[in-house]
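upload_18.csv (CSV, C-alpha atoms (C1' of nucleotides)) appears below.
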```csv
chain,number,residue,atom,x,y,z
A,1,MET,CA,0.0,0.0,0.0
A,2,GLY,CA,1.0,3.6,-0.6
A,3,PRO,CA,1.8,6.0,2.1
A,4,VAL,CA,-1.2,7.2,4.1
A,5,THR,CA,-1.6,11.0,4.6
A,6,LYS,CA,-2.8,10.9,8.2
A,7,THR,CA,-4.6,13.9,9.7
A,8,PRO,CA,-1.9,15.4,11.9
A,9,GLU,CA,-2.6,16.1,15.5
A,10,SER,CA,-2.1,19.8,14.9
A,11,ASP,CA,-5.2,19.9,12.7
A,12,ARG,CA,-7.4,18.8,15.6
A,13,VAL,CA,-6.0,21.5,17.7
A,14,LEU,CA,-6.5,24.1,15.1
A,15,HIS,CA,-10.1,23.1,14.5
A,16,PRO,CA,-11.4,22.8,18.0
A,17,GLU,CA,-15.0,23.8,17.0
A,18,ALA,CA,-15.4,20.1,16.5
A,19,HIS,CA,-14.7,19.6,20.2
A,20,PRO,CA,-18.2,19.8,21.6
A,21,LEU,CA,-19.2,17.0,19.3
A,22,MET,CA,-16.7,14.8,21.1
A,23,VAL,CA,-18.5,14.8,24.4
A,24,ASP,CA,-21.5,12.6,25.0
A,25,ASP,CA,-25.1,13.6,24.5
A,26,ALA,CA,-26.0,14.1,28.2
A,27,THR,CA,-23.0,16.4,28.7
A,28,ARG,CA,-23.8,18.4,25.6
A,29,THR,CA,-27.4,18.9,26.7
A,30,ALA,CA,-26.3,20.0,30.2
A,31,LEU,CA,-23.6,22.4,28.9
A,32,ARG,CA,-26.1,23.9,26.5
A,33,LEU,CA,-28.6,24.4,29.3
A,34,TRP,CA,-25.9,26.0,31.4
A,35,VAL,CA,-25.1,28.6,28.7
A,36,ILE,CA,-28.7,29.4,28.0
A,37,LEU,CA,-29.5,29.6,31.8
A,38,SER,CA,-26.6,32.1,32.2
A,39,ARG,CA,-27.7,34.3,29.3
A,40,ALA,CA,-31.4,34.3,30.3
A,41,HIS,CA,-30.4,35.2,33.9
A,42,ALA,CA,-28.0,38.0,32.7
A,43,ALA,CA,-30.7,39.4,30.4
A,44,VAL,CA,-33.4,39.6,33.0
A,45,ALA,CA,-30.9,40.9,35.6
A,46,ALA,CA,-29.7,43.6,33.3
A,47,ARG,CA,-33.3,44.7,32.7
A,48,GLY,CA,-34.0,44.7,36.5
A,49,ALA,CA,-30.8,46.5,37.3
A,50,ALA,CA,-31.5,49.2,34.7
A,51,ASP,CA,-34.9,49.7,36.2
A,52,ILE,CA,-33.6,50.0,39.7
A,53,ALA,CA,-30.6,52.2,38.8
A,54,ARG,CA,-33.1,54.9,38.0
A,55,HIS,CA,-33.7,55.1,41.8
A,56,GLY,CA,-30.0,55.1,42.6
A,57,LEU,CA,-30.1,51.5,43.9
A,58,THR,CA,-28.2,48.3,43.0
A,59,LEU,CA,-29.9,45.0,42.6
A,60,ALA,CA,-28.3,43.8,45.8
A,61,GLU,CA,-29.6,46.8,47.7
A,62,PHE,CA,-33.0,46.3,46.2
A,63,GLY,CA,-32.9,42.7,47.2
A,64,ILE,CA,-32.5,43.6,50.9
A,65,LEU,CA,-35.2,46.3,50.7
A,66,GLU,CA,-37.6,43.8,49.0
A,67,ALA,CA,-37.0,41.1,51.6
A,68,LEU,CA,-37.7,43.5,54.4
A,69,TYR,CA,-40.7,44.9,52.6
A,70,HIS,CA,-42.3,41.5,52.2
A,71,VAL,CA,-41.1,39.6,55.3
A,72,GLY,CA,-40.7,42.4,57.8
A,73,PRO,CA,-37.6,42.9,60.1
A,74,MET,CA,-35.1,40.0,59.6
A,75,LEU,CA,-31.9,39.0,61.3
A,76,LEU,CA,-28.9,40.1,59.2
A,77,GLY,CA,-27.9,36.4,58.7
A,78,GLU,CA,-31.3,35.6,57.3
A,79,VAL,CA,-31.0,38.5,54.8
A,80,GLN,CA,-27.5,37.4,53.9
A,81,ARG,CA,-28.6,33.9,53.0
A,82,ARG,CA,-31.6,35.1,51.1
A,83,ILE,CA,-29.8,37.5,48.9
A,84,LEU,CA,-26.7,35.4,48.6
A,85,VAL,CA,-23.8,37.7,49.6
A,86,SER,CA,-20.9,37.2,52.0
A,87,SER,CA,-21.0,38.3,55.6
A,88,GLY,CA,-18.8,41.2,54.7
A,89,GLY,CA,-21.1,42.0,51.8
A,90,ILE,CA,-24.2,42.3,54.0
A,91,THR,CA,-22.4,44.7,56.4
A,92,PHE,CA,-21.3,46.8,53.4
A,93,LEU,CA,-24.7,46.9,51.9
A,94,MET,CA,-26.5,47.6,55.2
A,95,ASP,CA,-24.1,50.4,56.0
A,96,ARG,CA,-25.0,52.1,52.7
A,97,LEU,CA,-28.7,51.6,53.1
A,98,VAL,CA,-28.5,53.0,56.7
A,99,ALA,CA,-26.6,56.0,55.3
A,100,LYS,CA,-29.4,56.5,52.9
A,101,GLU,CA,-31.8,56.3,55.8
A,102,LEU,CA,-33.8,53.5,54.1
A,103,VAL,CA,-33.0,50.8,56.7
A,104,GLU,CA,-32.0,50.7,60.4
A,105,ARG,CA,-30.3,48.1,62.6
A,106,ARG,CA,-32.2,47.0,65.7
A,107,CYS,CA,-30.8,45.0,68.5
A,108,CYS,CA,-32.1,41.5,69.2
A,109,ASN,CA,-33.4,40.9,72.8
A,110,THR,CA,-32.8,37.2,72.8
A,111,ASP,CA,-29.3,37.2,71.2
A,112,ARG,CA,-27.0,40.1,71.8
A,113,ARG,CA,-24.7,39.0,69.0
A,114,ALA,CA,-27.4,39.4,66.4
A,115,ARG,CA,-29.1,42.4,64.9
A,116,TYR,CA,-32.3,42.9,63.0
A,117,ALA,CA,-32.5,44.9,59.7
A,118,ALA,CA,-35.8,46.8,59.3
A,119,LEU,CA,-37.1,49.4,56.9
A,120,THR,CA,-37.4,52.9,58.1
A,121,PRO,CA,-40.6,54.8,57.2
A,122,LYS,CA,-38.6,56.4,54.4
A,123,GLY,CA,-37.6,52.9,53.2
A,124,GLN,CA,-41.2,51.7,53.4
A,125,ALA,CA,-42.4,54.7,51.4
A,126,LEU,CA,-39.7,54.2,48.8
A,127,MET,CA,-40.6,50.5,48.3
A,128,ALA,CA,-44.3,51.3,48.1
A,129,GLU,CA,-43.4,53.8,45.4
A,130,ILE,CA,-41.0,51.7,43.3
A,131,PHE,CA,-41.9,48.1,43.8
A,132,PRO,CA,-44.9,48.0,41.5
A,133,GLY,CA,-42.9,49.4,38.7
A,134,HIS,CA,-40.0,47.0,39.3
A,135,ALA,CA,-42.4,44.0,39.4
A,136,ALA,CA,-43.9,45.2,36.1
A,137,ALA,CA,-40.4,45.5,34.5
A,138,ILE,CA,-39.5,41.9,35.5
A,139,THR,CA,-42.9,40.7,34.4
A,140,GLU,CA,-42.4,42.4,31.0
A,141,ALA,CA,-39.0,40.7,30.7
A,142,MET,CA,-40.7,37.3,31.2
A,143,GLN,CA,-43.4,37.9,28.6
A,144,GLY,CA,-41.7,35.7,26.0
A,145,LEU,CA,-43.3,32.9,27.9
A,146,THR,CA,-46.9,32.3,28.6
A,147,GLU,CA,-47.9,32.1,32.2
A,148,GLU,CA,-48.2,28.3,31.9
A,149,GLU,CA,-44.7,28.1,30.4
A,150,GLN,CA,-43.4,30.3,33.2
A,151,ARG,CA,-44.9,27.8,35.7
A,152,ILE,CA,-43.3,24.9,34.0
A,153,ALA,CA,-39.9,26.7,33.8
A,154,ALA,CA,-40.1,27.6,37.5
A,155,GLU,CA,-40.8,24.0,38.4
A,156,LEU,CA,-37.9,22.6,36.4
A,157,LEU,CA,-35.5,25.3,37.7
A,158,ARG,CA,-36.6,24.7,41.3
A,159,THR,CA,-35.6,21.1,41.0
A,160,MET,CA,-32.4,21.9,39.2
A,161,GLY,CA,-31.5,24.5,41.8
A,162,ARG,CA,-32.1,22.2,44.7
A,163,THR,CA,-30.0,19.5,43.2
A,164,ALA,CA,-27.1,21.8,42.4
A,165,ALA,CA,-27.3,23.5,45.8
A,166,GLY,CA,-27.3,20.1,47.5
A,167,LEU,CA,-24.1,19.1,45.7
A,168,ALA,CA,-22.5,22.3,46.8
A,169,GLU,CA,-23.3,21.5,50.4
A,170,ASP,CA,-21.7,18.1,50.1
A,171,SER,CA,-18.4,19.6,49.1
A,172,ARG,CA,-18.2,21.9,52.2
B,1,MET,CA,-76.1,49.7,61.1
B,2,GLY,CA,-73.4,49.6,63.8
B,3,PRO,CA,-70.0,51.1,63.4
B,4,VAL,CA,-67.6,49.2,61.1
B,5,THR,CA,-64.1,48.4,62.4
B,6,LYS,CA,-62.0,49.1,59.3
B,7,THR,CA,-58.6,47.6,58.9
B,8,PRO,CA,-56.3,50.6,59.4
B,9,GLU,CA,-53.7,51.5,56.8
B,10,SER,CA,-50.9,50.9,59.4
B,11,ASP,CA,-51.9,47.2,59.6
B,12,ARG,CA,-51.2,46.7,56.0
B,13,VAL,CA,-47.8,48.3,56.4
B,14,LEU,CA,-47.0,46.2,59.4
B,15,HIS,CA,-48.0,42.9,57.7
B,16,PRO,CA,-46.3,43.3,54.4
B,17,GLU,CA,-46.1,39.5,53.9
B,18,ALA,CA,-49.6,39.9,52.5
B,19,HIS,CA,-48.2,42.2,49.8
B,20,PRO,CA,-47.3,39.6,47.1
B,21,LEU,CA,-50.9,38.5,47.3
B,22,MET,CA,-51.9,42.0,46.2
B,23,VAL,CA,-50.3,41.8,42.8
B,24,ASP,CA,-52.1,40.1,40.0
B,25,ASP,CA,-51.5,36.4,39.1
B,26,ALA,CA,-49.3,37.1,36.0
B,27,THR,CA,-47.0,39.3,38.0
B,28,ARG,CA,-46.8,36.8,40.9
B,29,THR,CA,-45.8,34.0,38.5
B,30,ALA,CA,-43.2,36.1,36.8
B,31,LEU,CA,-41.6,37.3,40.1
B,32,ARG,CA,-41.6,33.7,41.4
B,33,LEU,CA,-39.8,32.5,38.2
B,34,TRP,CA,-37.3,35.3,38.6
B,35,VAL,CA,-36.4,34.3,42.1
B,36,ILE,CA,-36.1,30.7,41.2
B,37,LEU,CA,-34.1,31.5,38.1
B,38,SER,CA,-31.6,33.5,40.2
B,39,ARG,CA,-31.2,30.8,42.7
B,40,ALA,CA,-30.8,28.0,40.2
B,41,HIS,CA,-28.2,30.1,38.3
B,42,ALA,CA,-26.3,30.9,41.6
B,43,ALA,CA,-26.3,27.3,42.6
B,44,VAL,CA,-24.8,26.0,39.4
B,45,ALA,CA,-22.4,28.9,39.1
B,46,ALA,CA,-21.2,28.3,42.6
B,47,ARG,CA,-20.6,24.6,41.7
B,48,GLY,CA,-18.8,25.6,38.5
B,49,ALA,CA,-16.7,28.3,40.2
B,50,ALA,CA,-15.6,25.8,43.0
B,51,ASP,CA,-14.5,23.3,40.4
B,52,ILE,CA,-12.5,25.9,38.4
B,53,ALA,CA,-11.0,27.5,41.5
B,54,ARG,CA,-9.1,24.3,42.0
B,55,HIS,CA,-7.1,25.3,38.9
B,56,GLY,CA,-6.6,28.9,40.1
B,57,LEU,CA,-9.1,30.4,37.6
B,58,THR,CA,-12.3,32.4,38.0
B,59,LEU,CA,-15.4,31.7,36.0
B,60,ALA,CA,-14.9,34.7,33.8
B,61,GLU,CA,-11.3,33.6,33.0
B,62,PHE,CA,-12.6,30.1,32.2
B,63,GLY,CA,-15.3,31.6,30.0
B,64,ILE,CA,-12.6,33.2,27.8
B,65,LEU,CA,-10.5,30.1,27.7
B,66,GLU,CA,-13.5,28.0,26.8
B,67,ALA,CA,-14.6,30.3,24.0
B,68,LEU,CA,-11.1,30.3,22.5
B,69,TYR,CA,-10.9,26.5,23.0
B,70,HIS,CA,-14.1,25.8,21.1
B,71,VAL,CA,-14.2,28.6,18.5
B,72,GLY,CA,-10.5,29.3,18.0
B,73,PRO,CA,-9.0,32.8,17.9
B,74,MET,CA,-11.6,35.6,18.3
B,75,LEU,CA,-11.6,39.3,18.3
B,76,LEU,CA,-11.6,40.8,21.8
B,77,GLY,CA,-15.0,42.4,21.1
B,78,GLU,CA,-16.5,39.0,20.2
B,79,VAL,CA,-15.2,37.5,23.4
B,80,GLN,CA,-16.5,40.4,25.4
B,81,ARG,CA,-20.0,40.1,24.1
B,82,ARG,CA,-19.9,36.3,24.5
B,83,ILE,CA,-18.9,36.3,28.2
B,84,LEU,CA,-20.8,39.5,29.0
B,85,VAL,CA,-18.2,41.8,30.6
B,86,SER,CA,-17.5,45.5,30.1
B,87,SER,CA,-14.7,46.6,27.8
B,88,GLY,CA,-12.5,47.4,30.8
B,89,GLY,CA,-13.3,43.9,32.1
B,90,ILE,CA,-12.1,42.1,29.0
B,91,THR,CA,-8.8,44.0,29.1
B,92,PHE,CA,-8.4,43.2,32.7
B,93,LEU,CA,-9.1,39.5,32.3
B,94,MET,CA,-6.9,39.3,29.1
B,95,ASP,CA,-4.0,40.9,30.9
B,96,ARG,CA,-4.2,38.3,33.6
B,97,LEU,CA,-4.5,35.4,31.3
B,98,VAL,CA,-1.6,36.8,29.3
B,99,ALA,CA,0.4,37.0,32.5
B,100,LYS,CA,-0.4,33.4,33.2
B,101,GLU,CA,0.8,32.6,29.6
B,102,LEU,CA,-2.5,30.9,28.8
B,103,VAL,CA,-3.6,33.4,26.1
B,104,GLU,CA,-1.9,35.8,23.7
B,105,ARG,CA,-3.0,38.9,21.8
B,106,ARG,CA,-2.5,38.8,18.1
B,107,CYS,CA,-2.8,41.8,15.8
B,108,CYS,CA,-5.5,41.8,13.1
B,109,ASN,CA,-4.3,42.4,9.5
B,110,THR,CA,-7.5,43.9,8.2
B,111,ASP,CA,-8.2,46.2,11.1
B,112,ARG,CA,-5.4,47.7,13.1
B,113,ARG,CA,-7.7,48.8,15.9
B,114,ALA,CA,-8.7,45.3,16.6
B,115,ARG,CA,-6.8,42.4,18.3
B,116,TYR,CA,-7.4,38.7,18.4
B,117,ALA,CA,-7.3,36.6,21.6
B,118,ALA,CA,-5.8,33.1,21.0
B,119,LEU,CA,-4.8,30.3,23.3
B,120,THR,CA,-1.1,29.6,23.7
B,121,PRO,CA,0.0,26.0,23.6
B,122,LYS,CA,0.1,26.1,27.4
B,123,GLY,CA,-3.5,27.3,27.4
B,124,GLN,CA,-4.5,24.6,24.9
B,125,ALA,CA,-2.9,22.0,27.1
B,126,LEU,CA,-4.6,23.4,30.3
B,127,MET,CA,-8.1,23.3,28.7
B,128,ALA,CA,-7.6,19.8,27.3
B,129,GLU,CA,-6.7,18.8,30.8
B,130,ILE,CA,-9.5,20.5,32.8
B,131,PHE,CA,-12.4,21.0,30.4
B,132,PRO,CA,-13.7,17.4,30.6
B,133,GLY,CA,-13.8,17.6,34.4
B,134,HIS,CA,-15.5,20.9,34.4
B,135,ALA,CA,-18.1,19.7,31.9
B,136,ALA,CA,-18.7,16.7,34.2
B,137,ALA,CA,-19.2,19.0,37.2
B,138,ILE,CA,-21.8,21.1,35.3
B,139,THR,CA,-23.5,18.0,34.1
B,140,GLU,CA,-23.6,16.6,37.6
B,141,ALA,CA,-25.2,19.8,38.8
B,142,MET,CA,-27.9,19.4,36.2
B,143,GLN,CA,-28.8,15.9,37.1
B,144,GLY,CA,-31.9,16.9,39.1
B,145,LEU,CA,-33.5,17.0,35.6
B,146,THR,CA,-33.7,14.2,33.0
B,147,GLU,CA,-32.1,14.9,29.7
B,148,GLU,CA,-35.6,15.5,28.2
B,149,GLU,CA,-36.4,18.0,31.0
B,150,GLN,CA,-33.1,19.8,30.4
B,151,ARG,CA,-34.0,20.2,26.7
B,152,ILE,CA,-37.4,21.6,27.6
B,153,ALA,CA,-35.9,24.0,30.1
B,154,ALA,CA,-33.3,25.1,27.6
B,155,GLU,CA,-36.0,25.8,25.0
B,156,LEU,CA,-38.1,27.9,27.5
B,157,LEU,CA,-35.1,29.8,28.8
B,158,ARG,CA,-33.8,30.5,25.3
B,159,THR,CA,-37.1,32.1,24.4
B,160,MET,CA,-37.2,34.0,27.7
B,161,GLY,CA,-33.6,35.2,27.3
B,162,ARG,CA,-34.2,36.5,23.8
B,163,THR,CA,-37.3,38.5,24.8
B,164,ALA,CA,-35.6,40.0,27.8
B,165,ALA,CA,-32.4,40.8,25.8
B,166,GLY,CA,-34.6,42.4,23.1
B,167,LEU,CA,-36.3,44.7,25.6
B,168,ALA,CA,-32.9,45.7,27.0
B,169,GLU,CA,-31.8,46.7,23.4
B,170,ASP,CA,-34.9,48.9,23.0
B,171,SER,CA,-34.0,51.0,26.0
B,172,ARG,CA,-30.6,51.8,24.7
C,1,DG,C1',-20.8,27.1,86.4
C,2,DG,C1',-16.7,26.8,83.4
C,3,DA,C1',-14.2,25.3,79.2
C,4,DG,C1',-14.4,24.8,74.6
C,5,DA,C1',-17.0,24.8,70.3
C,6,DA,C1',-20.2,27.2,67.5
C,7,DT,C1',-22.4,31.4,65.8
C,8,DA,C1',-23.5,36.5,64.4
C,9,DT,C1',-21.6,40.4,63.0
C,10,DC,C1',-17.9,43.5,61.9
C,11,DT,C1',-13.1,44.8,60.2
C,12,DT,C1',-9.6,44.9,56.8
C,13,DA,C1',-7.0,44.1,52.7
C,14,DG,C1',-7.4,43.4,48.4
C,15,DA,C1',-9.6,41.1,44.2
C,16,DA,C1',-12.9,41.8,40.5
C,17,DA,C1',-15.5,44.5,37.6
C,18,DT,C1',-17.6,48.7,36.0
C,19,DG,C1',-18.0,53.1,33.4
C,20,DA,C1',-16.4,57.3,31.5
C,21,DG,C1',-13.2,58.9,28.8
C,22,DA,C1',-8.7,58.6,25.9
C,23,DT,C1',-6.5,56.9,21.8
C,24,DA,C1',-6.1,55.1,17.4
C,25,DT,C1',-8.1,53.4,13.4
C,26,DA,C1',-11.8,52.6,10.0
C,27,DC,C1',-15.7,53.9,7.3
C,28,DA,C1',-19.1,56.9,4.8
C,29,DA,C1',-20.4,60.9,2.4
C,30,DC,C1',-19.4,64.6,0.2
D,1,DG,C1',-8.9,63.7,-0.2
D,2,DT,C1',-11.2,65.6,4.0
D,3,DT,C1',-14.3,65.7,7.5
D,4,DG,C1',-17.2,63.7,10.7
D,5,DT,C1',-18.9,59.7,12.9
D,6,DA,C1',-18.5,55.0,14.4
D,7,DT,C1',-15.7,51.4,16.3
D,8,DA,C1',-12.0,48.6,19.0
D,9,DT,C1',-9.3,48.6,22.6
D,10,DC,C1',-7.1,50.5,26.6
D,11,DT,C1',-6.5,53.5,30.9
D,12,DC,C1',-7.8,54.9,35.3
D,13,DA,C1',-10.7,56.1,39.2
D,14,DT,C1',-14.1,54.1,41.6
D,15,DT,C1',-17.5,50.8,43.1
D,16,DT,C1',-18.8,46.3,44.6
D,17,DC,C1',-17.8,42.3,46.7
D,18,DT,C1',-15.2,38.5,48.9
D,19,DA,C1',-12.2,35.9,52.2
D,20,DA,C1',-9.9,35.6,56.4
D,21,DG,C1',-9.7,36.7,60.7
D,22,DA,C1',-11.3,39.7,65.0
D,23,DT,C1',-14.7,40.3,68.5
D,24,DA,C1',-18.5,39.4,71.2
D,25,DT,C1',-21.9,36.3,72.6
D,26,DT,C1',-24.3,31.9,73.0
D,27,DC,C1',-24.6,26.9,73.4
D,28,DT,C1',-23.2,22.3,74.9
D,29,DC,C1',-21.5,19.1,77.9
D,30,DC,C1',-19.3,17.8,81.7
```
Would you write out, as structure tokens, the structure that this file holds?
Amino acid sequence: MGPVTKTPESDRVLHPEAHPLMVDDATRTALRLWVILSRAHAAVAARGAADIARHGLTLAEFGILEALYHVGPMLLGEVQRRILVSSGGITFLMDRLVAKELVERRCCNTDRRARYAALTPKGQALMAEIFPGHAAAITEAMQGLTEEEQRIAAELLRTMGRTAAGLAEDSR
Amino acid sequence: MGPVTKTPESDRVLHPEAHPLMVDDATRTALRLWVILSRAHAAVAARGAADIARHGLTLAEFGILEALYHVGPMLLGEVQRRILVSSGGITFLMDRLVAKELVERRCCNTDRRARYAALTPKGQALMAEIFPGHAAAITEAMQGLTEEEQRIAAELLRTMGRTAAGLAEDSR
DNA sequence: GGAGAATATCTTAGAAATGAGATATACAAC
DNA sequence: GTTGTATATCTCATTTCTAAGATATTCTCC
């Protein structure tokens, strides 16, 4: 037989677009979902942040205000877990909201290490003013899906989130 | 008729848990999906970041490496739009990857303003080593859903993301 | 009731990212 | 060609956030 012109290794390196095709189907599906999930989240977050920025707030600050608005006074640790920031982050954000006179710290009678975060009257008034508009902005961003599709998506994502969060716990 | 004891305004303010029930059904569904989407994203991102941190990389750095690994050399602007960072951010991240000798900048012959980002051999080797493990970690994080459910979720989120991104464009 | 482990928040240094503007180049219309 | 506008990247000041450790308090178990 004559000499065989074999595809050199370097060719595979130079055409790595082919790479995703080399992983199995389950992995390809999962990675695709991860990319799409990231983009969808970023798009809605950008829309929400733009809305909130008009009132001089960041999404994280708004997250605290919203939690206090809907649940009432909460321990700082509870707020921290709810909006997913570090312990230093919650202190930083609280300091700023206190400086803006939207939130106040209250001491906890049963545990002197702990503190409550609570809306001031000014914070209450601000949320009453801007929450409906923000809710409308988020709702508008979701209008690509019907209400039924939104419920299906929520159910699937809730399951996914729980599984992923559980795995993260294990590795602690 | 006898006197009517009307619920005072202050009561509504003091029991704001009731507030979400005051918005219409479509808004409640959308807000619920937004919260669940955020948590699912955060959980998977945390899992991915933990995996990547073992190799001394951040998710954003890995995003650049992955793009170059799969697509080949790209203009910085393309990379920037793909991984969703600011123009300053892409310069910052590239500088660091260049310092680690994983990526290099190449000039563009047809446009002297532009530059390509490309993996170095060291970067290629690193990605070949760590990408499969990372893909497995993401896939594992998604295992709460069957492959079919993942496809359904991806389809829904793709539609949602497009709509939300389109709205963001409009307000530019 | 005392020692040690656990917990809640705060402090600090610095990492990560943004946004406005600077610079250089390209393109379009005249 | 020249002028004006758009584009690609970079610079720099600032904002946002984290991680590690400090401090104060509580809980557990003997």
Distance query 9 Å from (-29.1, 54.6, 57.8) using only C-alpha atoms (C1' of nucleotides), result as a compact mmCIF listing (two decimals) with C-alpha atoms, in the frame of the given file:
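Saved result, result-v1.txt, follows:
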```
# COMPACT_ATOMS: atom_id res chain seq x y z
CA MET A 94 -26.50 47.60 55.20
CA ASP A 95 -24.10 50.40 56.00
CA ARG A 96 -25.00 52.10 52.70
CA LEU A 97 -28.70 51.60 53.10
CA VAL A 98 -28.50 53.00 56.70
CA ALA A 99 -26.60 56.00 55.30
CA LYS A 100 -29.40 56.50 52.90
CA GLU A 101 -31.80 56.30 55.80
CA LEU A 102 -33.80 53.50 54.10
CA VAL A 103 -33.00 50.80 56.70
CA GLU A 104 -32.00 50.70 60.40
CA ARG A 105 -30.30 48.10 62.60
CA THR A 120 -37.40 52.90 58.10
```
(request) Can you check which residues of chain A have any atom within 9 Å of chain D? Use only C-alpha atoms (C1' of nucleotides) and format it as a PyMOL selection string. (result) chain A and resi 85-89+92+111-114
(request) Take atom CA of A:Gly161 and atom CA of B:Ala43 and report the distance between them in Å, one decimal. (result) 6.0 Å
(request) Within 6 Å of A:Ala49, counting all atoms listed in the file, which residues show up once you throw out same-chain ones fewer than 4 positions away? Write them as a ChimeraX atom specification, please. (result) /A:45,53,59
(request) Mind giving me the straight-line distance from atom CA of A:Gln124 to atom CA of A:Met142 in Å, one decimal? (result) 26.5 Å
Considering all atoms listed in the file, tabulate each residue of chain A that lies at most 7 Å from chain B along with its nearest interatomic pair and the corresponding distance in Å to one decimal; arrange the rows by chain and ascending residue number and present them as a Markdown table.
```
| residue | atom | partner | partner_atom | distance |
| --- | --- | --- | --- | --- |
| A:Pro16 | CA | B:His70 | CA | 5.1 |
| A:Glu17 | CA | B:His70 | CA | 4.6 |
| A:His19 | CA | B:His70 | CA | 6.3 |
| A:Ala26 | CA | B:Glu147 | CA | 6.3 |
| A:Thr27 | CA | B:Thr139 | CA | 5.7 |
| A:Thr29 | CA | B:Arg151 | CA | 6.7 |
| A:Ala30 | CA | B:Thr139 | CA | 5.2 |
| A:Leu31 | CA | B:Ile138 | CA | 6.8 |
| A:Leu33 | CA | B:Ala154 | CA | 5.0 |
| A:Ile36 | CA | B:Arg158 | CA | 5.9 |
| A:Leu37 | CA | B:Leu157 | CA | 6.4 |
| A:Ser38 | CA | B:His41 | CA | 6.6 |
| A:Arg39 | CA | B:Gly161 | CA | 6.3 |
| A:Ala40 | CA | B:Gly161 | CA | 3.8 |
| A:His41 | CA | B:Ser38 | CA | 6.6 |
| A:Ala43 | CA | B:Ala165 | CA | 5.1 |
| A:Val44 | CA | B:Ala164 | CA | 5.7 |
| A:Arg47 | CA | B:Ala168 | CA | 5.8 |
| A:Tyr69 | CA | B:Pro16 | CA | 6.1 |
| A:His70 | CA | B:Glu17 | CA | 4.6 |
| A:Val71 | CA | B:Glu17 | CA | 5.2 |
| A:Gly72 | CA | B:Pro16 | CA | 6.6 |
| A:Ala135 | CA | B:Thr27 | CA | 6.7 |
| A:Ala136 | CA | B:Thr27 | CA | 6.9 |
| A:Ile138 | CA | B:Leu31 | CA | 6.8 |
| A:Thr139 | CA | B:Ala30 | CA | 5.2 |
| A:Ala141 | CA | B:Ala164 | CA | 4.5 |
| A:Met142 | CA | B:Met160 | CA | 5.9 |
| A:Gly144 | CA | B:Met160 | CA | 5.1 |
| A:Leu145 | CA | B:Met160 | CA | 6.2 |
| A:Glu147 | CA | B:Ala26 | CA | 6.4 |
| A:Gln150 | CA | B:Leu33 | CA | 6.5 |
| A:Arg151 | CA | B:Thr29 | CA | 6.9 |
| A:Ala153 | CA | B:Ala153 | CA | 6.1 |
| A:Ala154 | CA | B:Leu33 | CA | 5.0 |
| A:Leu156 | CA | B:Ala153 | CA | 6.8 |
| A:Leu157 | CA | B:Ala40 | CA | 6.0 |
| A:Arg158 | CA | B:Ile36 | CA | 6.0 |
| A:Thr159 | CA | B:Gly144 | CA | 5.9 |
| A:Met160 | CA | B:Gly144 | CA | 5.0 |
| A:Gly161 | CA | B:Ala40 | CA | 3.9 |
| A:Thr163 | CA | B:Gly144 | CA | 5.2 |
| A:Ala164 | CA | B:Ala141 | CA | 4.5 |
| A:Ala165 | CA | B:Ala43 | CA | 5.1 |
| A:Ala168 | CA | B:Arg47 | CA | 5.9 |
```
(request) Show me which bits of chain C are within 9 Å of chain B, counting all atoms listed in the file, as a list in words. (result)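 Close enough to count are DA16, DA17, DT18, DG19, DA24, DT25 and DA26 of chain C.
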